[in-house]
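Enquirer: Just one file: run.tsv, with TSV, C-alpha atoms.
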```
chain	number	residue	atom	x	y	z
A	1	MET	CA	-39.29	95.61	-160.07
A	2	LYS	CA	-37.69	96.66	-156.75
A	3	LYS	CA	-36.17	93.66	-155.03
A	4	ILE	CA	-34.63	95.34	-151.97
A	5	ASN	CA	-37.08	96.96	-149.58
A	6	THR	CA	-36.57	99.91	-147.22
A	7	LEU	CA	-35.91	97.76	-144.15
A	8	GLN	CA	-33.22	95.84	-146.03
A	9	LYS	CA	-31.58	99.12	-147.06
A	10	ILE	CA	-31.60	100.34	-143.43
A	11	LEU	CA	-30.10	97.00	-142.39
A	12	GLY	CA	-27.36	97.44	-145.00
A	13	LEU	CA	-26.45	100.87	-143.62
A	14	TYR	CA	-26.50	99.59	-140.04
A	15	PHE	CA	-24.23	96.69	-141.01
A	16	LEU	CA	-21.85	99.15	-142.65
A	17	ALA	CA	-21.74	101.23	-139.44
A	18	THR	CA	-20.91	98.16	-137.32
A	19	VAL	CA	-18.17	97.14	-139.77
A	20	ILE	CA	-16.67	100.65	-139.57
A	21	LEU	CA	-16.66	100.32	-135.77
A	22	TRP	CA	-14.98	96.91	-136.10
A	23	VAL	CA	-12.29	98.33	-138.42
A	24	VAL	CA	-11.64	101.25	-136.01
A	25	LEU	CA	-11.22	98.78	-133.13
A	26	ARG	CA	-8.85	96.69	-135.25
A	27	VAL	CA	-6.77	99.73	-136.21
A	28	GLN	CA	-6.58	100.79	-132.57
A	29	GLY	CA	-5.65	97.24	-131.55
A	30	SER	CA	-8.41	97.23	-128.94
A	31	THR	CA	-9.13	93.76	-127.54
A	32	GLY	CA	-11.20	94.66	-124.49
A	33	GLY	CA	-13.24	97.34	-122.79
A	34	ASN	CA	-16.43	99.17	-123.47
A	35	ALA	CA	-15.85	99.93	-127.14
A	36	ASN	CA	-15.50	96.20	-127.86
A	37	TYR	CA	-18.55	95.45	-125.73
A	38	TRP	CA	-20.51	98.02	-127.72
A	39	TYR	CA	-19.63	96.23	-130.95
A	40	SER	CA	-21.03	92.95	-129.58
A	41	PHE	CA	-24.14	94.69	-128.29
A	42	LEU	CA	-24.78	96.57	-131.54
A	43	PHE	CA	-24.49	93.63	-133.89
A	44	GLY	CA	-26.75	91.65	-131.54
A	45	LEU	CA	-29.53	94.16	-132.17
A	46	THR	CA	-29.67	93.22	-135.85
A	47	PRO	CA	-31.17	89.72	-135.38
A	48	LEU	CA	-33.36	90.89	-132.51
A	49	PHE	CA	-35.17	93.53	-134.54
A	50	ALA	CA	-35.14	91.68	-137.87
A	51	GLY	CA	-36.50	88.59	-136.10
A	52	ILE	CA	-39.33	90.51	-134.46
A	53	VAL	CA	-40.29	92.05	-137.81
A	54	GLY	CA	-40.02	88.67	-139.53
A	55	MET	CA	-42.25	86.92	-136.99
A	56	ALA	CA	-44.83	89.70	-137.13
A	57	LYS	CA	-44.85	89.80	-140.93
A	58	SER	CA	-44.84	86.04	-141.50
A	59	GLY	CA	-48.64	86.39	-141.54
A	60	ILE	CA	-48.29	87.73	-145.11
A	61	TRP	CA	-47.33	84.15	-146.02
A	62	GLY	CA	-49.94	82.47	-143.85
A	63	ARG	CA	-47.53	81.92	-140.92
A	64	PHE	CA	-48.23	78.30	-139.85
A	65	HIS	CA	-50.47	77.55	-142.83
A	66	SER	CA	-47.86	77.47	-145.58
A	67	ALA	CA	-44.31	76.20	-146.05
A	68	LEU	CA	-42.93	79.68	-146.64
A	69	GLY	CA	-44.87	81.14	-143.70
A	70	ARG	CA	-43.36	78.52	-141.38
A	71	ALA	CA	-39.89	79.05	-142.85
A	72	VAL	CA	-40.02	82.81	-142.29
A	73	PHE	CA	-41.49	82.42	-138.80
A	74	PHE	CA	-39.02	79.85	-137.50
A	75	ILE	CA	-35.93	81.48	-138.98
A	76	SER	CA	-37.13	84.77	-137.48
A	77	LEU	CA	-37.73	83.11	-134.11
A	78	GLY	CA	-34.16	81.80	-134.22
A	79	LEU	CA	-32.93	85.34	-134.91
A	80	VAL	CA	-34.91	86.79	-131.98
A	81	LEU	CA	-33.48	84.15	-129.65
A	82	TRP	CA	-29.95	84.81	-130.86
A	83	GLY	CA	-30.45	88.55	-130.34
A	84	PHE	CA	-31.87	87.85	-126.89
A	85	GLY	CA	-28.79	85.75	-126.05
A	86	GLU	CA	-26.50	88.53	-127.25
A	87	THR	CA	-28.34	91.06	-125.06
A	88	ILE	CA	-27.72	88.86	-122.00
A	89	TRP	CA	-24.09	88.51	-123.12
A	90	SER	CA	-23.82	92.30	-123.20
A	91	TYR	CA	-25.37	92.52	-119.73
A	92	TYR	CA	-22.51	90.34	-118.44
A	93	ASN	CA	-20.03	92.54	-120.35
A	94	PHE	CA	-21.26	95.92	-119.15
A	95	PHE	CA	-22.66	95.21	-115.70
A	96	LYS	CA	-20.72	92.17	-114.45
A	97	GLY	CA	-17.40	92.96	-116.10
A	98	VAL	CA	-17.23	89.48	-117.67
A	99	ALA	CA	-15.66	89.72	-121.14
A	100	ALA	CA	-16.60	86.25	-122.39
A	101	PRO	CA	-19.57	84.89	-120.44
A	102	TYR	CA	-19.47	81.43	-121.99
A	103	PRO	CA	-21.19	79.30	-120.92
A	104	SER	CA	-23.75	81.53	-119.24
A	105	LEU	CA	-27.44	82.43	-119.23
A	106	ALA	CA	-26.84	83.95	-122.67
A	107	ASP	CA	-26.79	80.40	-124.03
A	108	ILE	CA	-30.49	80.08	-123.18
A	109	GLY	CA	-30.96	82.38	-126.18
A	110	PHE	CA	-28.12	81.18	-128.43
A	111	ALA	CA	-28.61	77.40	-128.19
A	112	PRO	CA	-32.27	77.07	-129.26
A	113	SER	CA	-31.81	79.62	-132.05
A	114	ILE	CA	-29.94	77.04	-134.12
A	115	PHE	CA	-32.71	74.48	-133.66
A	116	PHE	CA	-35.27	76.90	-135.07
A	117	TRP	CA	-33.00	77.74	-138.00
A	118	VAL	CA	-32.87	74.04	-138.85
A	119	VAL	CA	-36.67	73.84	-138.64
A	120	GLY	CA	-37.03	76.99	-140.76
A	121	THR	CA	-34.61	75.68	-143.39
A	122	PHE	CA	-36.54	72.41	-143.55
A	123	TYR	CA	-39.64	74.36	-144.58
A	124	LEU	CA	-37.60	76.57	-146.90
A	125	ALA	CA	-36.58	73.36	-148.68
A	126	ARG	CA	-40.25	72.76	-149.48
A	127	ALA	CA	-40.84	76.33	-150.59
A	128	SER	CA	-37.74	76.60	-152.76
A	129	GLY	CA	-38.22	73.41	-154.74
A	130	ALA	CA	-35.44	71.33	-153.17
A	131	TRP	CA	-37.99	68.86	-151.85
A	132	LEU	CA	-39.60	68.51	-155.26
A	133	GLN	CA	-36.22	67.86	-156.86
A	134	LEU	CA	-35.39	65.25	-154.20
A	135	LYS	CA	-38.73	63.55	-154.82
A	136	ARG	CA	-38.36	63.51	-158.60
A	137	SER	CA	-34.72	62.76	-159.25
A	138	ARG	CA	-32.63	59.73	-158.29
A	139	LYS	CA	-29.51	61.78	-159.05
A	140	ALA	CA	-30.63	64.36	-156.49
A	141	LYS	CA	-31.05	61.65	-153.84
A	142	VAL	CA	-27.54	60.30	-154.51
A	143	PHE	CA	-26.16	63.83	-154.44
A	144	ALA	CA	-27.84	64.49	-151.08
A	145	ILE	CA	-26.36	61.33	-149.52
A	146	VAL	CA	-22.86	62.04	-150.88
A	147	ALA	CA	-23.03	65.69	-149.80
A	148	ILE	CA	-24.15	64.79	-146.27
A	149	ALA	CA	-21.38	62.17	-145.94
A	150	GLY	CA	-18.70	64.48	-147.36
A	151	LEU	CA	-19.70	67.48	-145.30
A	152	SER	CA	-19.91	65.31	-142.16
A	153	VAL	CA	-16.28	64.23	-142.57
A	154	LEU	CA	-15.21	67.84	-143.26
A	155	SER	CA	-17.19	69.05	-140.29
A	156	TYR	CA	-15.68	66.43	-137.96
A	157	TYR	CA	-12.23	67.54	-139.06
A	158	LEU	CA	-13.00	71.24	-138.53
A	159	LEU	CA	-14.85	70.74	-135.25
A	160	VAL	CA	-12.55	68.25	-133.56
A	161	HIS	CA	-9.12	68.59	-135.18
A	162	VAL	CA	-9.05	72.30	-135.97
A	163	ALA	CA	-11.38	73.99	-133.46
A	164	ARG	CA	-10.61	71.67	-130.53
A	165	LYS	CA	-7.03	70.62	-131.42
A	166	GLY	CA	-8.02	66.95	-131.69
A	167	VAL	CA	-9.20	66.77	-128.08
A	168	LEU	CA	-12.93	66.52	-127.65
A	169	VAL	CA	-12.93	67.10	-123.88
A	170	PRO	CA	-9.87	69.09	-122.78
A	171	GLN	CA	-8.74	68.83	-119.16
A	172	GLY	CA	-10.10	71.53	-116.89
A	173	GLU	CA	-12.96	72.45	-119.23
A	174	THR	CA	-16.44	72.39	-117.75
A	175	ALA	CA	-18.88	69.80	-119.02
A	176	LEU	CA	-21.31	72.54	-120.06
A	177	LYS	CA	-18.72	74.31	-122.22
A	178	THR	CA	-17.72	71.02	-123.82
A	179	VAL	CA	-21.34	70.22	-124.61
A	180	LEU	CA	-22.02	73.70	-125.99
A	181	ASP	CA	-18.77	73.72	-127.99
A	182	ILE	CA	-20.05	70.65	-129.78
A	183	VAL	CA	-23.75	71.48	-129.86
A	184	TYR	CA	-23.31	74.92	-131.46
A	185	PRO	CA	-21.22	73.96	-134.47
A	186	LEU	CA	-23.11	70.66	-134.79
A	187	GLY	CA	-26.43	72.53	-134.86
A	188	ASP	CA	-24.96	75.05	-137.26
A	189	PHE	CA	-23.66	72.15	-139.32
A	190	LEU	CA	-27.17	70.71	-139.64
A	191	ALA	CA	-28.50	74.12	-140.64
A	192	ALA	CA	-25.58	74.67	-143.05
A	193	ILE	CA	-25.96	71.23	-144.64
A	194	PHE	CA	-29.68	71.85	-145.11
A	195	ALA	CA	-28.80	75.23	-146.61
A	196	PHE	CA	-26.23	73.68	-148.94
A	197	LEU	CA	-28.65	70.96	-150.07
A	198	VAL	CA	-31.50	73.44	-150.53
A	199	PHE	CA	-29.22	75.68	-152.58
A	200	MET	CA	-27.83	72.89	-154.76
A	201	LEU	CA	-31.13	71.05	-155.26
A	202	SER	CA	-33.25	74.11	-155.93
A	203	PHE	CA	-30.62	76.01	-157.92
A	204	LYS	CA	-32.36	75.49	-161.25
A	205	TYR	CA	-35.68	76.63	-159.78
A	206	PHE	CA	-34.20	79.75	-158.19
A	207	GLY	CA	-35.72	82.96	-159.44
A	208	GLY	CA	-38.49	85.44	-159.03
A	209	TYR	CA	-38.97	88.31	-156.68
A	210	TYR	CA	-37.50	86.56	-153.61
A	211	ARG	CA	-34.38	85.06	-155.14
A	212	LEU	CA	-32.09	87.43	-153.24
A	213	ALA	CA	-33.85	86.87	-149.90
A	214	ILE	CA	-33.68	83.07	-150.16
A	215	GLY	CA	-30.04	83.22	-151.27
A	216	ALA	CA	-29.16	85.50	-148.33
A	217	ILE	CA	-30.76	83.10	-145.81
A	218	LEU	CA	-28.87	80.10	-147.20
A	219	LEU	CA	-25.56	81.99	-147.31
A	220	GLY	CA	-26.22	83.33	-143.80
A	221	LEU	CA	-26.64	79.82	-142.39
A	222	GLY	CA	-23.32	78.75	-143.94
A	223	THR	CA	-21.61	81.83	-142.53
A	224	MET	CA	-23.00	81.18	-139.02
A	225	TYR	CA	-21.52	77.68	-139.19
A	226	ILE	CA	-18.06	79.10	-139.91
A	227	GLY	CA	-18.54	81.81	-137.26
A	228	ASP	CA	-19.40	79.27	-134.55
A	229	ILE	CA	-16.40	77.08	-135.45
A	230	VAL	CA	-14.16	80.15	-135.07
A	231	PHE	CA	-15.89	80.97	-131.76
A	232	SER	CA	-15.34	77.40	-130.49
A	233	TYR	CA	-11.70	77.56	-131.53
A	234	THR	CA	-10.94	80.96	-130.00
A	235	THR	CA	-12.66	80.16	-126.69
A	236	THR	CA	-10.82	76.80	-126.55
A	237	VAL	CA	-7.34	78.32	-127.10
A	238	GLY	CA	-8.23	81.38	-124.99
A	239	THR	CA	-7.78	84.01	-127.69
A	240	TYR	CA	-11.41	85.14	-127.88
A	241	TYR	CA	-12.25	88.78	-127.29
A	242	ASN	CA	-15.33	90.85	-128.11
A	243	ALA	CA	-15.15	92.22	-131.67
A	244	ASP	CA	-12.55	89.68	-132.80
A	245	PHE	CA	-12.57	88.23	-136.34
A	246	GLY	CA	-15.06	85.54	-135.32
A	247	ASP	CA	-17.50	88.23	-134.17
A	248	LEU	CA	-17.21	89.89	-137.56
A	249	ILE	CA	-18.11	86.58	-139.24
A	250	LEU	CA	-21.11	86.20	-136.91
A	251	ASN	CA	-22.14	89.76	-137.71
A	252	VAL	CA	-22.01	88.97	-141.45
A	253	GLY	CA	-23.98	85.74	-140.95
A	254	LEU	CA	-26.67	87.38	-138.83
A	255	THR	CA	-26.96	90.29	-141.24
A	256	LEU	CA	-27.43	87.90	-144.17
A	257	LEU	CA	-30.11	85.96	-142.29
A	258	SER	CA	-31.80	89.21	-141.25
A	259	PHE	CA	-31.60	90.55	-144.80
A	260	GLY	CA	-33.31	87.41	-146.05
A	261	VAL	CA	-36.06	87.48	-143.44
A	262	LEU	CA	-36.70	91.19	-144.01
A	263	GLY	CA	-37.06	90.46	-147.71
A	264	PHE	CA	-40.24	88.59	-146.83
A	265	SER	CA	-41.58	91.41	-144.65
A	266	VAL	CA	-43.20	93.21	-147.57
A	267	LYS	CA	-46.03	91.95	-149.74
A	268	PRO	CA	-44.92	91.36	-153.31
A	269	PRO	CA	-46.35	93.51	-156.10
A	270	LEU	CA	-49.05	91.28	-157.51
A	271	GLN	CA	-49.07	90.77	-161.26
A	272	LYS	CA	-51.92	91.83	-163.50
A	273	ALA	CA	-51.86	89.76	-166.64
A	274	ALA	CA	-52.64	91.22	-170.03
A	275	SER	CA	-55.43	89.52	-171.90
A	276	GLN	CA	-53.12	88.00	-174.53
A	277	GLY	CA	-51.06	85.87	-172.22
A	278	SER	CA	-48.18	88.18	-171.31
A	279	VAL	CA	-47.76	89.22	-167.71
A	280	GLN	CA	-47.25	92.80	-166.69
A	281	GLU	CA	-46.55	94.40	-163.38
B	282	MET	CA	-66.79	72.55	-162.81
B	283	ASP	CA	-64.97	71.92	-166.10
B	284	VAL	CA	-61.47	70.54	-166.35
B	285	TYR	CA	-59.81	73.95	-166.82
B	286	ALA	CA	-61.49	75.33	-163.71
B	287	GLN	CA	-60.36	72.25	-161.80
B	288	ILE	CA	-56.81	72.80	-163.03
B	289	VAL	CA	-56.93	76.39	-161.78
B	290	LEU	CA	-58.35	75.24	-158.44
B	291	ASN	CA	-55.59	72.64	-158.00
B	292	ILE	CA	-52.87	75.11	-158.96
B	293	ILE	CA	-54.07	77.73	-156.47
B	294	ARG	CA	-54.42	75.09	-153.72
B	295	HIS	CA	-50.87	73.84	-154.25
B	296	GLN	CA	-49.47	77.37	-154.42
B	297	GLU	CA	-51.38	78.29	-151.27
B	298	ALA	CA	-49.75	75.38	-149.40
B	299	ILE	CA	-46.37	76.84	-150.29
B	300	ILE	CA	-46.74	80.64	-150.26
B	301	GLY	CA	-49.94	81.11	-148.27
B	302	PRO	CA	-52.76	83.60	-148.92
B	303	ILE	CA	-50.69	85.52	-151.49
B	304	ALA	CA	-51.48	82.66	-153.86
B	305	VAL	CA	-55.20	83.47	-153.75
B	306	GLU	CA	-54.62	87.24	-153.81
B	307	GLN	CA	-52.46	86.82	-156.90
B	308	ALA	CA	-55.05	84.66	-158.64
B	309	GLU	CA	-57.73	87.29	-157.96
B	310	GLN	CA	-55.70	89.75	-160.04
B	311	ILE	CA	-55.83	87.64	-163.19
B	312	PRO	CA	-58.31	89.02	-165.74
B	313	ASN	CA	-61.28	86.81	-166.61
B	314	LEU	CA	-60.65	84.53	-163.65
B	315	HIS	CA	-63.25	84.69	-160.90
B	316	LEU	CA	-62.80	83.09	-157.50
B	317	GLU	CA	-65.00	82.49	-154.54
B	318	TRP	CA	-62.25	80.94	-152.52
B	319	SER	CA	-64.23	80.34	-149.32
B	320	LYS	CA	-66.39	77.96	-151.39
B	321	LYS	CA	-63.47	76.82	-153.52
B	322	GLU	CA	-65.33	77.93	-156.64
B	323	VAL	CA	-63.60	78.99	-159.82
B	324	SER	CA	-65.04	80.34	-163.06
B	325	ILE	CA	-63.30	81.45	-166.22
B	326	ASP	CA	-64.80	84.04	-168.57
B	327	SER	CA	-62.63	83.81	-171.66
B	328	ASP	CA	-60.11	81.40	-173.23
B	329	PRO	CA	-59.13	79.18	-170.27
B	330	VAL	CA	-55.74	78.32	-171.80
B	331	ILE	CA	-54.73	82.00	-171.75
B	332	VAL	CA	-56.11	82.45	-168.23
B	333	ILE	CA	-54.10	79.48	-166.94
B	334	ASP	CA	-50.96	80.68	-168.73
B	335	ASN	CA	-51.42	84.12	-167.17
B	336	LEU	CA	-51.90	82.62	-163.72
B	337	VAL	CA	-48.81	80.40	-163.92
B	338	SER	CA	-46.73	83.24	-165.40
B	339	ALA	CA	-47.80	85.52	-162.55
B	340	TYR	CA	-46.66	82.96	-159.98
B	341	ARG	CA	-43.40	82.55	-161.87
B	342	GLN	CA	-42.79	86.30	-161.62
B	343	LEU	CA	-43.04	85.98	-157.85
B	344	PHE	CA	-41.13	82.78	-157.14
B	345	GLY	CA	-39.44	81.70	-160.33
B	346	GLN	CA	-39.42	78.30	-161.99
B	347	ILE	CA	-40.47	76.47	-158.81
B	348	SER	CA	-43.94	78.01	-159.22
B	349	VAL	CA	-44.20	76.50	-162.69
B	350	GLU	CA	-43.07	73.10	-161.43
B	351	VAL	CA	-45.58	73.20	-158.58
B	352	SER	CA	-48.32	74.18	-161.04
B	353	LYS	CA	-47.40	71.29	-163.34
B	354	GLU	CA	-47.48	68.89	-160.41
B	355	ALA	CA	-50.85	70.26	-159.31
B	356	ALA	CA	-52.35	69.92	-162.77
B	357	ALA	CA	-50.71	66.62	-163.77
B	358	SER	CA	-53.65	64.32	-163.01
B	359	LEU	CA	-56.06	66.54	-164.98
B	360	LEU	CA	-53.91	67.26	-168.01
B	361	THR	CA	-54.46	63.70	-169.26
B	362	GLN	CA	-58.06	64.67	-170.00
B	363	LEU	CA	-56.92	67.26	-172.56
B	364	GLN	CA	-55.59	66.91	-176.09
B	365	PRO	CA	-51.99	68.14	-176.57
B	366	ALA	CA	-53.27	71.15	-178.51
B	367	GLN	CA	-55.55	72.11	-175.61
B	368	LEU	CA	-52.74	72.24	-173.05
B	369	PRO	CA	-51.68	75.60	-171.65
B	370	GLN	CA	-48.16	76.50	-172.83
B	371	THR	CA	-46.80	76.91	-169.31
B	372	LEU	CA	-47.88	73.43	-168.25
B	373	ARG	CA	-46.37	71.51	-171.20
```
Go ahead and render the structure in this file as structure tokens.

Expert:
Amino acid sequence: MKKINTLQKILGLYFLATVILWVVLRVQGSTGGNANYWYSFLFGLTPLFAGIVGMAKSGIWGRFHSALGRAVFFISLGLVLWGFGETIWSYYNFFKGVAAPYPSLADIGFAPSIFFWVVGTFYLARASGAWLQLKRSRKAKVFAIVAIAGLSVLSYYLLVHVARKGVLVPQGETALKTVLDIVYPLGDFLAAIFAFLVFMLSFKYFGGYYRLAIGAILLGLGTMYIGDIVFSYTTTVGTYYNADFGDLILNVGLTLLSFGVLGFSVKPPLQKAASQGSVQE
Amino acid sequence: MDVYAQIVLNIIRHQEAIIGPIAVEQAEQIPNLHLEWSKKEVSIDSDPVIVIDNLVSAYRQLFGQISVEVSKEAAASLLTQLQPAQLPQTLR
């Protein structure tokens, strides 16, 4: 049974091309200019197109009438918004000559994307079996509480002590940047913690035709969390540039999310069962 | 509607809430299982235990063990009406 569809293969090749561009920029030591701007623009197209396809194809799963339909739709909507934000970012790069337009109008796309990923992951929890496990098992409930507490402490350390050098509101920083510096990783944290819980709680139920797609979405959310912490850190210490290491992490995260969403863009091959109880494709 | 048909109906309903219309489309592919889903009517032509096992196995092929667990949950209240020997293998 084929588990990777044509769109996912195209996405894989596109990702490879953007990584090659990133490596070339690294080798050349380029930290600014059009080539770097192109990298940001190109990896921003991935979520834009995958998100549009995902939203359009979520009808296969009933869109708003099933848990999986809602999960695919909202995660896709988050991707479209992120891609939209990146397009505005690129506009500032190419036409305004601003290398790091943060905060800017681009955040109108970036900020709500995380909210929709959290919503999408909530529904994915229902579809993947995490919810069922939480309902059935006391051990799962305890695990969820311990995991949330542990990851909250870790996240506070990473967000405040590492990314912001222990200072929540540095002198001279605008209120909007401070708010966004906290909102982005915090939102990502919520999405990542959901992803972690969904993965851990539904691990024993994982399987079937969409195993890879669900795994990619969960891994993508975790990667976006790390990417946004790096982004917060580099913009706080002033070392951010387009196509830096943080942008590569974001590219990986967005590609994983897109890969997952595209996995649900094709109807599964329905099974015809043989009369004696075995199931055949 | 007999208890096996009700089990099938409950399973498809629960699967539909999770994976949407694919749940019904998949059920329509199962031999000897006839649906008129707009009326929520189900009829089974042959051994209902085999039909239910085929249905649950088909869902498992798509979404793994979670499909089996959802099916068990959907059928739980009706399984008490059956003797252990009458239970479909996949729902035990």

Enquirer: Using all atoms listed in the file, I'd like a table of the residues in chain B that come within 6 Å of chain A; for each, show the closest atom pair and its distance in Å rounded to one decimal, ordered by chain and ascending number, as a tab-separated table.

Expert:
```
residue	atom	partner	partner_atom	distance
B:Ala298	CA	A:Ser66	CA	4.7
B:Ile299	CA	A:Ala67	CA	4.8
B:Ile300	CA	A:Leu68	CA	5.3
B:Gly301	CA	A:Trp61	CA	4.6
B:Pro302	CA	A:Gly62	CA	5.9
B:Gln307	CA	A:Leu270	CA	5.6
B:Gln310	CA	A:Lys272	CA	5.5
B:Ile311	CA	A:Ala273	CA	5.7
B:Ile331	CA	A:Gly277	CA	5.4
B:Asn335	CA	A:Gly277	CA	5.4
B:Ala339	CA	A:Gln271	CA	5.6
B:Gln342	CA	A:Gly208	CA	5.1
B:Leu343	CA	A:Gly208	CA	4.7
B:Phe344	CA	A:Gly208	CA	4.2
B:Gly345	CA	A:Gly207	CA	4.0
B:Gln346	CA	A:Tyr205	CA	4.7
B:Ile347	CA	A:Tyr205	CA	4.9
```

Enquirer: If I take atom CA of Leu21 of chain A and atom CA of Asp244 of chain A, how far is one from the other in Å, to one decimal?

Expert: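 Separation between atom CA of Leu21 of chain A and atom CA of Asp244 of chain A: 11.8 Å.
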
Enquirer: I want to know what sits within 9 Å of Val284 of chain B, based on only C-alpha atoms, with residues of the same chain fewer than 5 positions away left out; could you give that as an MDAnalysis selection string?

Expert: chainID B and resid 289 359:360 362:363

Enquirer: So that I can check the surroundings of segment 10-13 of chain A, please list as a list in words every protein, DNA and RNA residue that reaches within 10 Å of it, counting all atoms listed in the file and ignoring chain neighbours fewer than 3 positions away.

Expert: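 Final neighbour list, sorted by chain and number: Asn5, Thr6, Leu7, Leu16, Ala17, Thr18, Val19, Thr46, Phe49, Ala50, Thr255, Leu256, Ser258, Phe259 and Leu262 of chain A.
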
Enquirer: Which of these residues is nearest to Ile214 of chain A, using only C-alpha atoms: A:Pro103, A:Gly51, A:Pro185, A:Gly260?

Expert: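 Smallest separation from Ile214 of chain A among the options: A:Gly260.
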
Enquirer: Could you give me, as a ChimeraX atom specification, the residues within 9 Å of Ser155 of chain A, counting all atoms listed in the file and dropping anything in the same chain fewer than 5 positions from it?

Expert: /A:150,160,185-186,189

Enquirer: What separation in Å, quoted to one decimal, exists between atom CA of Trp131 of chain A and atom CA of Phe73 of chain A?

Expert: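 Distance reported for this atom pair: 19.1 Å.
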
Enquirer: What lies within 6 Å of Met224 of chain A using only C-alpha atoms, ignoring chain neighbours under 2 positions off, as a ChimeraX atom specification?

Expert: /A:221-222,226-227,250,253

Enquirer: Grab the atom CA of Lys57 of chain A to atom CA of Ala216 of chain A distance for me, in Å with one decimal place.

Expert: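 If I compute the distance from atom CA of Lys57 of chain A to atom CA of Ala216 of chain A, I get 17.9 Å.
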
Enquirer: Skip Ile288 of chain B itself and residues of its chain fewer than 6 positions away, then list as a list in words all residues within 9 Å of it, counting all atoms listed in the file.

Expert: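 The filter keeps Ile333, Ser352, Ala355, Ala356, Ala357, Leu359 and Leu360 of chain B.
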
Enquirer: Selection from above, C-alpha atoms, as a PDB file, in the frame of the given file, can you write it?

Expert:
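So result.pdb came out as:
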```pdb
ATOM      1  CA  ILE B 333     -54.100  79.480-166.940  1.00  0.00           C
ATOM      2  CA  SER B 352     -48.320  74.180-161.040  1.00  0.00           C
ATOM      3  CA  ALA B 355     -50.850  70.260-159.310  1.00  0.00           C
ATOM      4  CA  ALA B 356     -52.350  69.920-162.770  1.00  0.00           C
ATOM      5  CA  ALA B 357     -50.710  66.620-163.770  1.00  0.00           C
ATOM      6  CA  LEU B 359     -56.060  66.540-164.980  1.00  0.00           C
ATOM      7  CA  LEU B 360     -53.910  67.260-168.010  1.00  0.00           C
TER       8      LEU B 360
END
```

Enquirer: Which one of B:Ser338, B:Pro369, B:Leu290, B:Tyr285 sits closest to Glu317 of chain B if you count all atoms listed in the file?

Expert: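 Of all the options, B:Leu290 lies closest to Glu317 of chain B.
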
Enquirer: Quick one: 4 Å padding each side, axis-aligned, all listed atoms of segment 308-321 of chain B - centre and edge lengths in Å to one decimal, as JSON?

Expert:
```
{"center_x": -60.7, "center_y": 83.3, "center_z": -158.0, "size_x": 19.3, "size_y": 20.9, "size_z": 25.3}
```

Enquirer: As a PDB file, in the frame of the given file, could you write out segment 335-346 of chain B once it has been completed with N, CA and C atoms?

Expert:
```
ATOM      1  N   ASN B 335     -51.622  82.867-167.910  1.00  0.00           N
ATOM      2  CA  ASN B 335     -51.420  84.120-167.170  1.00  0.00           C
ATOM      3  C   ASN B 335     -51.212  83.862-165.682  1.00  0.00           C
ATOM      4  N   LEU B 336     -52.002  82.938-165.151  1.00  0.00           N
ATOM      5  CA  LEU B 336     -51.900  82.620-163.720  1.00  0.00           C
ATOM      6  C   LEU B 336     -50.517  82.038-163.392  1.00  0.00           C
ATOM      7  N   VAL B 337     -50.108  81.058-164.184  1.00  0.00           N
ATOM      8  CA  VAL B 337     -48.810  80.400-163.920  1.00  0.00           C
ATOM      9  C   VAL B 337     -47.666  81.402-164.117  1.00  0.00           C
ATOM     10  N   SER B 338     -47.782  82.235-165.152  1.00  0.00           N
ATOM     11  CA  SER B 338     -46.730  83.240-165.400  1.00  0.00           C
ATOM     12  C   SER B 338     -46.644  84.236-164.242  1.00  0.00           C
ATOM     13  N   ALA B 339     -47.798  84.586-163.685  1.00  0.00           N
ATOM     14  CA  ALA B 339     -47.800  85.520-162.550  1.00  0.00           C
ATOM     15  C   ALA B 339     -47.100  84.906-161.336  1.00  0.00           C
ATOM     16  N   TYR B 340     -47.359  83.638-161.079  1.00  0.00           N
ATOM     17  CA  TYR B 340     -46.660  82.960-159.980  1.00  0.00           C
ATOM     18  C   TYR B 340     -45.150  82.881-160.260  1.00  0.00           C
ATOM     19  N   ARG B 341     -44.823  82.644-161.529  1.00  0.00           N
ATOM     20  CA  ARG B 341     -43.400  82.550-161.870  1.00  0.00           C
ATOM     21  C   ARG B 341     -42.681  83.882-161.626  1.00  0.00           C
ATOM     22  N   GLN B 342     -43.379  84.990-161.892  1.00  0.00           N
ATOM     23  CA  GLN B 342     -42.790  86.300-161.620  1.00  0.00           C
ATOM     24  C   GLN B 342     -42.438  86.448-160.148  1.00  0.00           C
ATOM     25  N   LEU B 343     -43.268  85.862-159.290  1.00  0.00           N
ATOM     26  CA  LEU B 343     -43.040  85.980-157.850  1.00  0.00           C
ATOM     27  C   LEU B 343     -41.946  85.039-157.359  1.00  0.00           C
ATOM     28  N   PHE B 344     -42.020  83.775-157.747  1.00  0.00           N
ATOM     29  CA  PHE B 344     -41.130  82.780-157.140  1.00  0.00           C
ATOM     30  C   PHE B 344     -40.309  81.958-158.132  1.00  0.00           C
ATOM     31  N   GLY B 345     -40.312  82.368-159.377  1.00  0.00           N
ATOM     32  CA  GLY B 345     -39.440  81.700-160.330  1.00  0.00           C
ATOM     33  C   GLY B 345     -39.974  80.357-160.798  1.00  0.00           C
ATOM     34  N   GLN B 346     -39.065  79.555-161.315  1.00  0.00           N
ATOM     35  CA  GLN B 346     -39.420  78.300-161.990  1.00  0.00           C
ATOM     36  C   GLN B 346     -40.119  77.307-161.056  1.00  0.00           C
TER      37      GLN B 346
END
```
